[in-house]
>>> print(open('data_29.txt').read())   # compact mmCIF, C-alpha atoms
# COMPACT_ATOMS: atom_id res chain seq x y z
CA MET A 1 -18.86 9.62 -56.87
CA ALA A 2 -18.32 12.84 -54.96
CA THR A 3 -18.66 14.17 -51.43
CA LEU A 4 -21.21 16.80 -50.54
CA THR A 5 -21.08 18.61 -47.20
CA PRO A 6 -24.29 20.37 -46.16
CA THR A 7 -24.27 22.44 -42.97
CA LEU A 8 -27.24 24.01 -41.24
CA THR A 9 -26.84 26.74 -38.64
CA LEU A 10 -29.73 28.01 -36.53
CA VAL A 11 -29.07 31.09 -34.41
CA SER A 12 -31.23 33.26 -32.19
CA THR A 13 -30.08 35.49 -29.39
CA ASP A 14 -33.52 36.52 -28.19
CA ALA A 15 -36.00 33.70 -28.84
CA THR A 16 -35.51 32.42 -25.31
CA SER A 17 -33.34 33.36 -22.36
CA ASP A 18 -31.14 30.43 -23.33
CA GLU A 19 -29.57 31.40 -26.64
CA LEU A 20 -30.23 29.17 -29.62
CA ASN A 21 -27.05 28.45 -31.50
CA PHE A 22 -26.46 25.11 -33.11
CA SER A 23 -24.97 23.72 -36.23
CA VAL A 24 -25.30 20.31 -37.86
CA THR A 25 -23.29 18.97 -40.75
CA ASP A 26 -22.97 15.75 -42.68
CA GLU A 27 -20.83 14.15 -45.37
CA LEU A 28 -22.96 12.79 -48.20
CA THR A 29 -21.78 10.58 -51.03
CA VAL A 30 -23.45 11.54 -54.28
CA LYS A 31 -23.39 10.33 -57.86
CA ALA A 32 -24.74 11.35 -61.25
CA PRO A 33 -27.08 12.79 -62.21
CA SER A 34 -26.72 16.06 -60.36
CA GLN A 35 -27.57 19.67 -61.09
CA SER A 36 -25.33 22.32 -59.60
CA ILE A 37 -26.65 25.69 -58.51
CA SER A 38 -29.04 26.97 -61.16
CA THR A 39 -31.88 29.41 -61.62
CA VAL A 40 -35.22 28.82 -63.26
CA ILE A 41 -38.42 30.79 -63.79
CA ALA A 42 -41.40 29.09 -62.13
CA THR A 43 -44.87 29.69 -63.51
CA ALA A 44 -48.46 28.84 -62.63
CA THR A 45 -48.08 25.53 -64.48
CA GLY A 46 -46.01 23.08 -62.45
CA SER A 47 -45.23 20.79 -65.33
CA HIS A 48 -43.40 23.66 -67.06
CA THR A 49 -40.73 23.76 -64.35
CA ILE A 50 -39.51 20.27 -63.49
CA ILE A 51 -36.30 20.64 -61.48
CA VAL A 52 -35.65 16.99 -60.61
CA PRO A 53 -36.35 14.52 -63.40
CA ALA A 54 -38.51 11.48 -62.76
CA SER A 55 -36.58 8.67 -61.10
CA THR A 56 -36.75 6.18 -58.28
CA VAL A 57 -33.68 7.47 -56.44
CA ILE A 58 -33.21 9.71 -53.41
CA ALA A 59 -32.17 13.25 -54.38
CA TYR A 60 -30.73 15.84 -51.99
CA LEU A 61 -32.66 18.92 -53.04
CA TYR A 62 -31.94 22.59 -52.38
CA VAL A 63 -34.50 25.21 -53.47
CA ARG A 64 -34.59 28.94 -52.71
CA HIS A 65 -37.20 31.57 -53.57
CA THR A 66 -35.21 34.58 -54.84
CA GLY A 67 -38.02 37.03 -54.07
CA THR A 68 -37.91 38.26 -57.65
CA THR A 69 -39.60 37.54 -60.94
CA ASN A 70 -36.42 37.82 -62.97
CA GLY A 71 -33.54 38.70 -60.66
CA SER A 72 -34.53 42.36 -60.25
CA SER A 73 -38.32 42.90 -59.97
CA SER A 74 -39.56 41.84 -56.54
CA THR A 75 -42.47 39.48 -55.94
CA THR A 76 -44.12 37.95 -52.91
CA LYS A 77 -45.87 35.17 -54.81
CA GLN A 78 -45.42 31.87 -53.01
CA VAL A 79 -44.09 28.84 -54.85
CA ASP A 80 -44.95 25.22 -54.15
CA VAL A 81 -42.26 22.58 -54.34
CA GLU A 82 -44.20 19.48 -55.33
CA PHE A 83 -43.89 16.08 -56.85
CA THR A 84 -44.85 15.78 -60.51
CA THR A 85 -47.93 13.97 -59.22
CA ASP A 86 -48.96 17.42 -57.82
CA GLU A 87 -48.45 16.28 -54.21
CA ALA A 88 -47.06 19.27 -52.28
CA ILE A 89 -43.79 19.04 -50.35
CA ALA A 90 -43.42 22.65 -49.18
CA ARG A 91 -44.53 26.19 -49.95
CA LEU A 92 -41.75 28.77 -50.20
CA SER A 93 -42.25 32.48 -49.61
CA ALA A 94 -39.81 35.15 -50.77
CA GLY A 95 -36.34 34.50 -49.40
CA GLU A 96 -37.15 31.08 -47.98
CA TRP A 97 -35.22 27.92 -48.80
CA LEU A 98 -35.27 24.20 -48.10
CA PHE A 99 -32.77 21.37 -48.11
CA MET A 100 -33.93 17.78 -47.83
CA PRO A 101 -33.56 14.30 -49.28
CA VAL A 102 -36.64 13.85 -51.46
CA TYR A 103 -37.95 10.45 -52.38
CA HIS A 104 -41.33 9.43 -53.71
CA ALA A 105 -42.83 6.09 -52.83
CA GLU A 106 -44.09 5.60 -56.37
CA ALA A 107 -41.79 4.91 -59.27
CA ASP A 108 -40.65 7.54 -61.73
CA VAL A 109 -41.83 10.73 -60.05
CA GLY A 110 -39.91 14.00 -60.27
CA VAL A 111 -40.08 17.38 -58.52
CA GLN A 112 -41.55 20.56 -59.99
CA LEU A 113 -42.17 24.19 -59.00
CA HIS A 114 -45.59 25.81 -59.12
CA VAL A 115 -46.41 29.49 -58.44
CA GLN A 116 -49.40 29.68 -56.10
CA HIS A 117 -52.58 31.76 -56.37
CA SER A 118 -51.33 33.24 -59.58
CA SER A 119 -52.46 34.37 -62.97
CA PRO A 120 -50.87 32.67 -65.96
CA SER A 121 -48.49 35.61 -66.34
CA ASP A 122 -47.05 35.39 -62.81
CA GLU A 123 -43.48 34.23 -62.63
CA VAL A 124 -40.94 33.70 -59.85
CA GLN A 125 -37.22 33.19 -60.24
CA MET A 126 -36.08 30.23 -58.18
CA GLU A 127 -32.63 28.92 -57.32
CA TYR A 128 -32.10 25.18 -57.02
CA ALA A 129 -29.67 22.29 -57.06
CA PHE A 130 -30.02 18.54 -56.66
CA PHE A 131 -27.61 15.70 -56.06
CA THR A 132 -28.39 11.99 -56.36
CA LYS A 133 -27.65 9.88 -53.29
CA SER A 134 -25.09 7.18 -53.98
CA MET B 135 -39.29 40.11 -30.85
CA ALA B 136 -37.42 36.92 -31.47
CA THR B 137 -35.10 36.79 -34.44
CA THR B 138 -33.97 33.38 -35.61
CA THR B 139 -31.66 32.99 -38.57
CA ALA B 140 -31.32 29.77 -40.55
CA THR B 141 -28.30 29.37 -42.78
CA VAL B 142 -27.41 26.53 -45.11
CA ASN B 143 -24.01 25.99 -46.62
CA ILE B 144 -23.49 23.20 -49.17
CA THR B 145 -19.97 22.51 -50.35
CA SER B 146 -18.15 19.98 -52.48
CA GLN B 147 -14.55 19.92 -53.64
CA ASP B 148 -14.89 17.03 -56.08
CA LEU B 149 -18.36 17.21 -57.61
CA THR B 150 -17.09 18.98 -60.71
CA PRO B 151 -13.35 18.88 -61.46
CA GLY B 152 -11.76 22.29 -61.09
CA MET B 153 -14.99 23.93 -59.92
CA PRO B 154 -15.66 23.63 -56.18
CA LEU B 155 -19.30 23.93 -55.15
CA ASN B 156 -20.20 26.48 -52.48
CA ILE B 157 -23.90 27.25 -51.98
CA ASN B 158 -24.84 29.59 -49.17
CA ALA B 159 -28.33 30.81 -48.27
CA SER B 160 -29.63 32.49 -45.17
CA SER B 161 -33.09 33.56 -44.10
CA THR B 162 -34.60 35.13 -41.02
CA LEU B 163 -37.62 33.20 -39.82
CA MET B 164 -40.51 35.66 -39.80
CA GLN B 165 -44.24 35.38 -39.40
CA THR B 166 -45.88 35.49 -42.81
CA GLY B 167 -45.68 38.90 -44.49
CA THR B 168 -44.31 40.63 -41.42
CA THR B 169 -41.05 41.57 -39.75
CA THR B 170 -42.11 39.79 -36.58
CA GLY B 171 -40.02 36.77 -35.71
CA LEU B 172 -41.34 33.34 -34.83
CA GLU B 173 -41.67 32.95 -31.10
CA LEU B 174 -43.12 29.45 -30.75
CA MET B 175 -40.53 26.70 -30.78
CA ASP B 176 -40.58 23.00 -30.07
CA ILE B 177 -37.14 21.45 -29.78
CA GLY B 178 -36.54 17.91 -28.70
CA ALA B 179 -35.15 14.46 -29.21
CA GLY B 180 -36.74 11.07 -29.49
CA GLN B 181 -36.33 7.47 -30.51
CA LEU B 182 -38.09 5.62 -33.29
CA THR B 183 -38.50 1.90 -33.73
CA GLN B 184 -40.04 -0.01 -36.58
CA ALA B 185 -42.54 -1.44 -34.11
CA SER B 186 -43.83 2.03 -33.24
CA GLY B 187 -45.17 2.40 -36.79
CA THR B 188 -45.92 5.86 -38.15
CA ASP B 189 -45.84 8.66 -35.59
CA ALA B 190 -47.04 12.24 -35.92
CA LEU B 191 -44.05 14.41 -35.03
CA HIS B 192 -46.32 17.44 -34.88
CA GLU B 193 -49.99 18.06 -35.57
CA ALA B 194 -51.03 20.82 -37.98
CA LEU B 195 -52.85 22.92 -35.39
CA GLY B 196 -51.59 26.30 -36.52
CA THR B 197 -53.20 28.82 -38.84
CA LEU B 198 -53.69 28.20 -42.54
CA ASP B 199 -50.90 29.50 -44.79
CA THR B 200 -48.66 30.81 -42.02
CA ALA B 201 -44.90 30.45 -41.81
CA ASN B 202 -43.58 27.45 -39.93
CA TYR B 203 -40.31 25.55 -40.26
CA VAL B 204 -39.27 21.99 -39.55
CA TYR B 205 -35.79 20.63 -38.83
CA ILE B 206 -35.28 16.88 -38.39
CA CYS B 207 -32.01 15.00 -38.02
CA ASN B 208 -31.47 11.24 -38.02
CA ASN B 209 -28.75 10.79 -35.42
CA SER B 210 -28.23 7.09 -35.96
CA THR B 211 -24.72 6.03 -36.94
CA ASN B 212 -25.97 2.77 -38.43
CA THR B 213 -26.10 3.24 -42.19
CA ASP B 214 -29.00 0.77 -42.41
CA HIS B 215 -31.18 3.05 -40.29
CA TYR B 216 -33.34 5.48 -42.20
CA MET B 217 -36.45 7.46 -41.42
CA VAL B 218 -39.41 8.04 -43.71
CA ILE B 219 -40.61 11.66 -43.52
CA GLY B 220 -43.96 12.85 -44.83
CA ILE B 221 -46.97 15.08 -44.57
CA HIS B 222 -50.25 13.28 -43.82
CA ASP B 223 -50.33 10.51 -46.43
CA THR B 224 -47.58 11.83 -48.72
CA ILE B 225 -44.06 10.53 -48.26
CA MET B 226 -41.64 13.40 -48.91
CA GLY B 227 -38.29 11.79 -48.37
CA HIS B 228 -35.99 9.31 -46.70
CA LEU B 229 -33.58 10.57 -44.06
CA GLY B 230 -30.50 8.35 -43.83
CA SER B 231 -28.15 8.02 -40.86
CA GLY B 232 -26.59 11.37 -40.00
CA GLU B 233 -28.75 13.23 -42.51
CA TRP B 234 -30.83 16.31 -41.74
CA MET B 235 -33.52 18.36 -43.44
CA PHE B 236 -34.88 21.87 -43.05
CA MET B 237 -37.97 23.18 -44.82
CA PRO B 238 -40.92 25.53 -44.46
CA TRP B 239 -44.07 23.74 -43.37
CA ASN B 240 -47.44 25.04 -44.48
CA MET B 241 -50.21 23.87 -42.18
CA GLY B 242 -52.61 23.97 -45.11
CA ASP B 243 -55.29 22.12 -43.17
CA THR B 244 -55.54 19.83 -40.19
CA ASP B 245 -54.59 16.89 -42.44
CA ALA B 246 -51.06 18.21 -42.81
CA GLU B 247 -49.30 16.65 -39.84
CA ILE B 248 -45.61 15.87 -40.14
CA PHE B 249 -45.05 12.15 -39.74
CA ILE B 250 -41.94 10.09 -39.15
CA GLU B 251 -41.39 6.37 -39.37
CA ALA B 252 -38.47 3.98 -38.88
CA GLU B 253 -38.09 1.57 -41.76
CA THR B 254 -35.47 -0.73 -40.33
CA SER B 255 -35.14 -2.75 -37.17
CA GLY B 256 -33.30 -1.24 -34.24
CA THR B 257 -33.71 2.10 -32.53
CA ILE B 258 -33.17 5.39 -34.36
CA ASP B 259 -32.30 8.46 -32.30
CA TYR B 260 -33.52 11.70 -33.82
CA THR B 261 -33.64 15.38 -32.97
CA TYR B 262 -36.07 17.96 -34.23
CA ALA B 263 -37.01 21.62 -34.02
CA ILE B 264 -40.25 23.23 -35.13
CA PHE B 265 -40.68 26.99 -35.38
CA LYS B 266 -44.29 28.18 -35.55
CA SER B 267 -46.27 31.34 -36.20
CA THR B 268 -49.34 30.25 -34.26
CA TYR B 269 -50.54 27.13 -32.57
CA THR B 270 -53.85 26.01 -31.14
CA LEU B 271 -53.50 23.76 -28.14
CA PRO B 272 -55.28 20.43 -28.56
CA ALA B 273 -58.54 20.10 -26.65
CA SER B 274 -58.35 18.40 -23.29
CA ASP B 275 -60.30 15.22 -22.56
CA LYS B 276 -60.89 16.40 -19.00
CA ALA B 277 -64.41 15.45 -17.91
>>> encode(input="data_29.txt", output="C-alpha cells")
Amino acid sequence: MATLTPTLTLVSTDATSDELNFSVTDELTVKAPSQSISTVIATATGSHTIIVPASTVIAYLYVRHTGTTNGSSSTTKQVDVEFTTDEAIARLSAGEWLFMPVYHAEADVGVQLHVQHSSPSDEVQMEYAFFTKS
Amino acid sequence: MATTTATVNITSQDLTPGMPLNINASSTLMQTGTTTGLELMDIGAGQLTQASGTDALHEALGTLDTANYVYICNNSTNTDHYMVIGIHDTIMGHLGSGEWMFMPWNMGDTDAEIFIEAETSGTIDYTYAIFKSTYTLPASDKA
C-alpha cells in the first residue's frame, strides 16, 4: 500500500469582491493496480483507449486534455471520459483536467476515452493516471 | 472579467520505490472557446442523510455543451461515511470521508443534473462549488 496526496487549489482575485482562494487536500491509501502519469492517443472509438481496466473497485482517476494531437500539433477536439458501457462521466476540452474517485455500480466496467464529433482520423493526446483505493 | 484558476497537485513518496510521484496541472476556467472567465458561481455547504435519498445538487439548466465545473468534498471524518455522486441515472463515483473531486460538467441536456446521495447512516457534511457559463433560472410557480 502507498499514500497518495491530492491537493486542489481554486483561486480568483476578481470573480467577486471577496477573493476566492481555497485549497483542499487529502491523504489517500492506495494499492495495486495503479498507473502512474502516462500519455495516450484517444480516437473516435472509445474501446481503443481504455485507461482504467474493468474492475469492481474504486479508482482515483486523473485525466488531462493536452490540447494536442501528438504533443505538438494543437487541437480543440473535445474528449469524453466515459465508462466502457459508453456512459459519459465528463467531457474535457483542451487544457481541462479532472480528478475524481470513479466507481461503476455494475460489475467489471472500466473507463475509456472517446474523441467527440470527430472523423475516424481525429486524435487527441491525453494524460492520465489512476490509483486503486485500498 | 473573472479569472479563476484550478490547480491539482498529486504526490506520493512511496507509490514506486525510488521514484516519487508529482503530478501538477493547472487550468483557467473559461467559457467555451473564449478567453472570457466564468462569472456564475454557486458555493455552499450542506448535510446529507441516508433518509434524504438522492438529491439533485444542481439542475442542468445551462446551455448545451458549455463549460461548467463541479467541486464536491465529503467533509465527514467517519470512514464509514461515503457519498454516491452521479449524473442523472449514471453513478460516476463514490466519495469517501475527506475525499474531493473536481471535473468539468457538460450540461448535455436537462437530464444531466448532478446528484448526491448518502449511502450510510448518520449525517455527512459536504461542501461544493459550481462554476457555470450560463444558467437559466427555474420557472416560478407564482400564480
>>> residues_near_point(input="data_29.txt", point="(-34.4, 34.0, -42.0)", cutoff="9 Å", atoms="all atoms listed in the file", output="ChimeraX atom specification")
/A:95-96 /B:137-141,160-164,171
>>> write_last_selection(input="data_29.txt", atoms="C-alpha atoms", output="compact mmCIF listing (two decimals), in the coordinates of the input")
# COMPACT_ATOMS: atom_id res chain seq x y z
CA GLY A 95 -36.34 34.50 -49.40
CA GLU A 96 -37.15 31.08 -47.98
CA THR B 137 -35.10 36.79 -34.44
CA THR B 138 -33.97 33.38 -35.61
CA THR B 139 -31.66 32.99 -38.57
CA ALA B 140 -31.32 29.77 -40.55
CA THR B 141 -28.30 29.37 -42.78
CA SER B 160 -29.63 32.49 -45.17
CA SER B 161 -33.09 33.56 -44.10
CA THR B 162 -34.60 35.13 -41.02
CA LEU B 163 -37.62 33.20 -39.82
CA MET B 164 -40.51 35.66 -39.80
CA GLY B 171 -40.02 36.77 -35.71
>>> interface_residues(input="data_29.txt", of="chain A", to="chain B", cutoff="8 Å", atoms="all atoms listed in the file", output="PyMOL selection string")
chain A and resi 1-16+24+26+36-37+58+64+87+89-92+95-105
>>> atom_distance(input="data_29.txt", atom1="CA of Phe265 (chain B)", atom2="CA of Phe130 (chain A)")
25.3 Å
>>> residues_around(input="data_29.txt", residues="region 253-260 of chain B", least_positions_apart="2", cutoff="10 Å", atoms="only C-alpha atoms", output="NGL selection string")
:B and (178-185 or 187-188 or 206-212 or 214-218 or 228 or 231-232 or 234 or 250-251 or 262)
>>> axis_aligned_box(input="data_29.txt", around="region 216-230 of chain B", padding_each_side="3 Å", output="AutoDock Vina command-line options")
--center_x -40.4 --center_y 10.3 --center_z -45.2 --size_x 25.8 --size_y 15.6 --size_z 13.5
>>> residues_near_point(input="data_29.txt", point="(-32.7, 25.7, -56.1)", cutoff="6 Å", atoms="all atoms listed in the file", output="number ranges by chain")
A: 62-64, 127-129
>>> closest_residue(input="data_29.txt", among="A:Pro53, A:Ala59, A:Val115, A:Val81", to="Ile41 (chain A)", atoms="all atoms listed in the file")
A:Val115
>>> atom_distance(input="data_29.txt", atom1="CA of Ile51 (chain A)", atom2="CA of Asp245 (chain B)")
26.7 Å
>>> residues_around(input="data_29.txt", residues="Thr85 (chain A)", least_positions_apart="3", cutoff="10 Å", atoms="only C-alpha atoms", output="list in words")
Gly46, Ser47, Glu82, Ala88, His104, Glu106, Val109, Gly110, Val111 and Gln112 of chain A
>>> atom_distance(input="data_29.txt", atom1="CA of Ala94 (chain A)", atom2="CA of Gln116 (chain A)")
12.3 Å
>>> closest_residue(input="data_29.txt", among="B:Ile248, B:Leu191, B:Met153, B:Ala277", to="Ile177 (chain B)", atoms="only C-alpha atoms")
B:Leu191
>>> residues_around(input="data_29.txt", residues="Val40 (chain A)", least_positions_apart="3", cutoff="10 Å", atoms="only C-alpha atoms", output="VMD selection string")
chain A and resid 43 49 to 51 70 113 123 to 128
>>> closest_residue(input="data_29.txt", among="B:Gly152, B:Ile264, B:Pro272, B:His222", to="Ala190 (chain B)", atoms="all atoms listed in the file")
B:His222
>>> closest_residue(input="data_29.txt", among="B:Thr168, B:Thr244, B:Ser186, B:Thr213", to="Tyr269 (chain B)", atoms="all atoms listed in the file")
B:Thr244
>>> build_atoms(input="data_29.txt", residues="region 224-257 of chain B", atoms="N, CA and C atoms", output="PDB file, in the coordinates of the input")
ATOM      1  N   THR B 224     -48.568  11.682 -47.654  1.00  0.00           N
ATOM      2  CA  THR B 224     -47.580  11.830 -48.720  1.00  0.00           C
ATOM      3  C   THR B 224     -46.173  11.680 -48.160  1.00  0.00           C
ATOM      4  N   ILE B 225     -45.467  10.680 -48.645  1.00  0.00           N
ATOM      5  CA  ILE B 225     -44.060  10.530 -48.260  1.00  0.00           C
ATOM      6  C   ILE B 225     -43.248  11.567 -49.021  1.00  0.00           C
ATOM      7  N   MET B 226     -42.452  12.357 -48.271  1.00  0.00           N
ATOM      8  CA  MET B 226     -41.640  13.400 -48.910  1.00  0.00           C
ATOM      9  C   MET B 226     -40.215  12.943 -49.158  1.00  0.00           C
ATOM     10  N   GLY B 227     -39.680  12.166 -48.210  1.00  0.00           N
ATOM     11  CA  GLY B 227     -38.290  11.790 -48.370  1.00  0.00           C
ATOM     12  C   GLY B 227     -37.839  10.751 -47.377  1.00  0.00           C
ATOM     13  N   HIS B 228     -36.632  10.259 -47.601  1.00  0.00           N
ATOM     14  CA  HIS B 228     -35.990   9.310 -46.700  1.00  0.00           C
ATOM     15  C   HIS B 228     -34.770   9.987 -46.094  1.00  0.00           C
ATOM     16  N   LEU B 229     -34.674   9.923 -44.774  1.00  0.00           N
ATOM     17  CA  LEU B 229     -33.580  10.570 -44.060  1.00  0.00           C
ATOM     18  C   LEU B 229     -32.634   9.472 -43.567  1.00  0.00           C
ATOM     19  N   GLY B 230     -31.465   9.373 -44.198  1.00  0.00           N
ATOM     20  CA  GLY B 230     -30.500   8.350 -43.830  1.00  0.00           C
ATOM     21  C   GLY B 230     -29.747   8.705 -42.559  1.00  0.00           C
ATOM     22  N   SER B 231     -28.902   7.786 -42.106  1.00  0.00           N
ATOM     23  CA  SER B 231     -28.150   8.020 -40.860  1.00  0.00           C
ATOM     24  C   SER B 231     -27.289   9.265 -40.997  1.00  0.00           C
ATOM     25  N   GLY B 232     -27.372  10.136 -40.016  1.00  0.00           N
ATOM     26  CA  GLY B 232     -26.590  11.370 -40.000  1.00  0.00           C
ATOM     27  C   GLY B 232     -27.158  12.486 -40.854  1.00  0.00           C
ATOM     28  N   GLU B 233     -28.201  12.211 -41.606  1.00  0.00           N
ATOM     29  CA  GLU B 233     -28.750  13.230 -42.510  1.00  0.00           C
ATOM     30  C   GLU B 233     -29.752  14.134 -41.788  1.00  0.00           C
ATOM     31  N   TRP B 234     -29.894  15.346 -42.309  1.00  0.00           N
ATOM     32  CA  TRP B 234     -30.830  16.310 -41.740  1.00  0.00           C
ATOM     33  C   TRP B 234     -31.611  16.978 -42.857  1.00  0.00           C
ATOM     34  N   MET B 235     -32.712  17.599 -42.484  1.00  0.00           N
ATOM     35  CA  MET B 235     -33.520  18.360 -43.440  1.00  0.00           C
ATOM     36  C   MET B 235     -34.070  19.612 -42.748  1.00  0.00           C
ATOM     37  N   PHE B 236     -34.290  20.629 -43.553  1.00  0.00           N
ATOM     38  CA  PHE B 236     -34.880  21.870 -43.050  1.00  0.00           C
ATOM     39  C   PHE B 236     -35.783  22.406 -44.148  1.00  0.00           C
ATOM     40  N   MET B 237     -37.026  22.701 -43.807  1.00  0.00           N
ATOM     41  CA  MET B 237     -37.970  23.180 -44.820  1.00  0.00           C
ATOM     42  C   MET B 237     -39.093  23.985 -44.185  1.00  0.00           C
ATOM     43  N   PRO B 238     -39.692  24.892 -44.934  1.00  0.00           N
ATOM     44  CA  PRO B 238     -40.920  25.530 -44.460  1.00  0.00           C
ATOM     45  C   PRO B 238     -42.039  24.497 -44.420  1.00  0.00           C
ATOM     46  N   TRP B 239     -42.944  24.676 -43.493  1.00  0.00           N
ATOM     47  CA  TRP B 239     -44.070  23.740 -43.370  1.00  0.00           C
ATOM     48  C   TRP B 239     -45.357  24.540 -43.360  1.00  0.00           C
ATOM     49  N   ASN B 240     -46.156  24.340 -44.394  1.00  0.00           N
ATOM     50  CA  ASN B 240     -47.440  25.040 -44.480  1.00  0.00           C
ATOM     51  C   ASN B 240     -48.526  24.162 -43.873  1.00  0.00           C
ATOM     52  N   MET B 241     -49.102  24.626 -42.778  1.00  0.00           N
ATOM     53  CA  MET B 241     -50.210  23.870 -42.180  1.00  0.00           C
ATOM     54  C   MET B 241     -51.472  24.177 -42.980  1.00  0.00           C
ATOM     55  N   GLY B 242     -51.518  23.645 -44.201  1.00  0.00           N
ATOM     56  CA  GLY B 242     -52.610  23.970 -45.110  1.00  0.00           C
ATOM     57  C   GLY B 242     -53.969  23.594 -44.583  1.00  0.00           C
ATOM     58  N   ASP B 243     -54.056  22.516 -43.839  1.00  0.00           N
ATOM     59  CA  ASP B 243     -55.290  22.120 -43.170  1.00  0.00           C
ATOM     60  C   ASP B 243     -54.904  21.167 -42.053  1.00  0.00           C
ATOM     61  N   THR B 244     -55.868  20.688 -41.331  1.00  0.00           N
ATOM     62  CA  THR B 244     -55.540  19.830 -40.190  1.00  0.00           C
ATOM     63  C   THR B 244     -54.958  18.493 -40.649  1.00  0.00           C
ATOM     64  N   ASP B 245     -55.186  18.125 -41.915  1.00  0.00           N
ATOM     65  CA  ASP B 245     -54.590  16.890 -42.440  1.00  0.00           C
ATOM     66  C   ASP B 245     -53.227  17.182 -43.039  1.00  0.00           C
ATOM     67  N   ALA B 246     -52.395  17.862 -42.300  1.00  0.00           N
ATOM     68  CA  ALA B 246     -51.060  18.210 -42.810  1.00  0.00           C
ATOM     69  C   ALA B 246     -50.011  17.954 -41.734  1.00  0.00           C
ATOM     70  N   GLU B 247     -50.275  16.941 -40.895  1.00  0.00           N
ATOM     71  CA  GLU B 247     -49.300  16.650 -39.840  1.00  0.00           C
ATOM     72  C   GLU B 247     -47.997  16.109 -40.430  1.00  0.00           C
ATOM     73  N   ILE B 248     -46.906  16.420 -39.753  1.00  0.00           N
ATOM     74  CA  ILE B 248     -45.610  15.870 -40.140  1.00  0.00           C
ATOM     75  C   ILE B 248     -45.496  14.485 -39.520  1.00  0.00           C
ATOM     76  N   PHE B 249     -45.214  13.484 -40.327  1.00  0.00           N
ATOM     77  CA  PHE B 249     -45.050  12.150 -39.740  1.00  0.00           C
ATOM     78  C   PHE B 249     -43.644  11.620 -39.963  1.00  0.00           C
ATOM     79  N   ILE B 250     -43.247  10.742 -39.075  1.00  0.00           N
ATOM     80  CA  ILE B 250     -41.940  10.090 -39.150  1.00  0.00           C
ATOM     81  C   ILE B 250     -42.131   8.607 -38.901  1.00  0.00           C
ATOM     82  N   GLU B 251     -41.256   7.809 -39.485  1.00  0.00           N
ATOM     83  CA  GLU B 251     -41.390   6.370 -39.370  1.00  0.00           C
ATOM     84  C   GLU B 251     -40.014   5.731 -39.546  1.00  0.00           C
ATOM     85  N   ALA B 252     -39.719   4.738 -38.718  1.00  0.00           N
ATOM     86  CA  ALA B 252     -38.470   3.980 -38.880  1.00  0.00           C
ATOM     87  C   ALA B 252     -38.723   2.806 -39.798  1.00  0.00           C
ATOM     88  N   GLU B 253     -37.857   2.624 -40.772  1.00  0.00           N
ATOM     89  CA  GLU B 253     -38.090   1.570 -41.760  1.00  0.00           C
ATOM     90  C   GLU B 253     -37.194   0.360 -41.573  1.00  0.00           C
ATOM     91  N   THR B 254     -36.353   0.407 -40.561  1.00  0.00           N
ATOM     92  CA  THR B 254     -35.470  -0.730 -40.330  1.00  0.00           C
ATOM     93  C   THR B 254     -35.510  -1.098 -38.862  1.00  0.00           C
ATOM     94  N   SER B 255     -35.124  -2.315 -38.559  1.00  0.00           N
ATOM     95  CA  SER B 255     -35.140  -2.750 -37.170  1.00  0.00           C
ATOM     96  C   SER B 255     -34.068  -2.010 -36.379  1.00  0.00           C
ATOM     97  N   GLY B 256     -34.218  -1.987 -35.081  1.00  0.00           N
ATOM     98  CA  GLY B 256     -33.300  -1.240 -34.240  1.00  0.00           C
ATOM     99  C   GLY B 256     -33.928   0.073 -33.822  1.00  0.00           C
ATOM    100  N   THR B 257     -33.197   0.835 -33.055  1.00  0.00           N
ATOM    101  CA  THR B 257     -33.710   2.100 -32.530  1.00  0.00           C
ATOM    102  C   THR B 257     -32.985   3.268 -33.195  1.00  0.00           C
TER     103      THR B 257
END
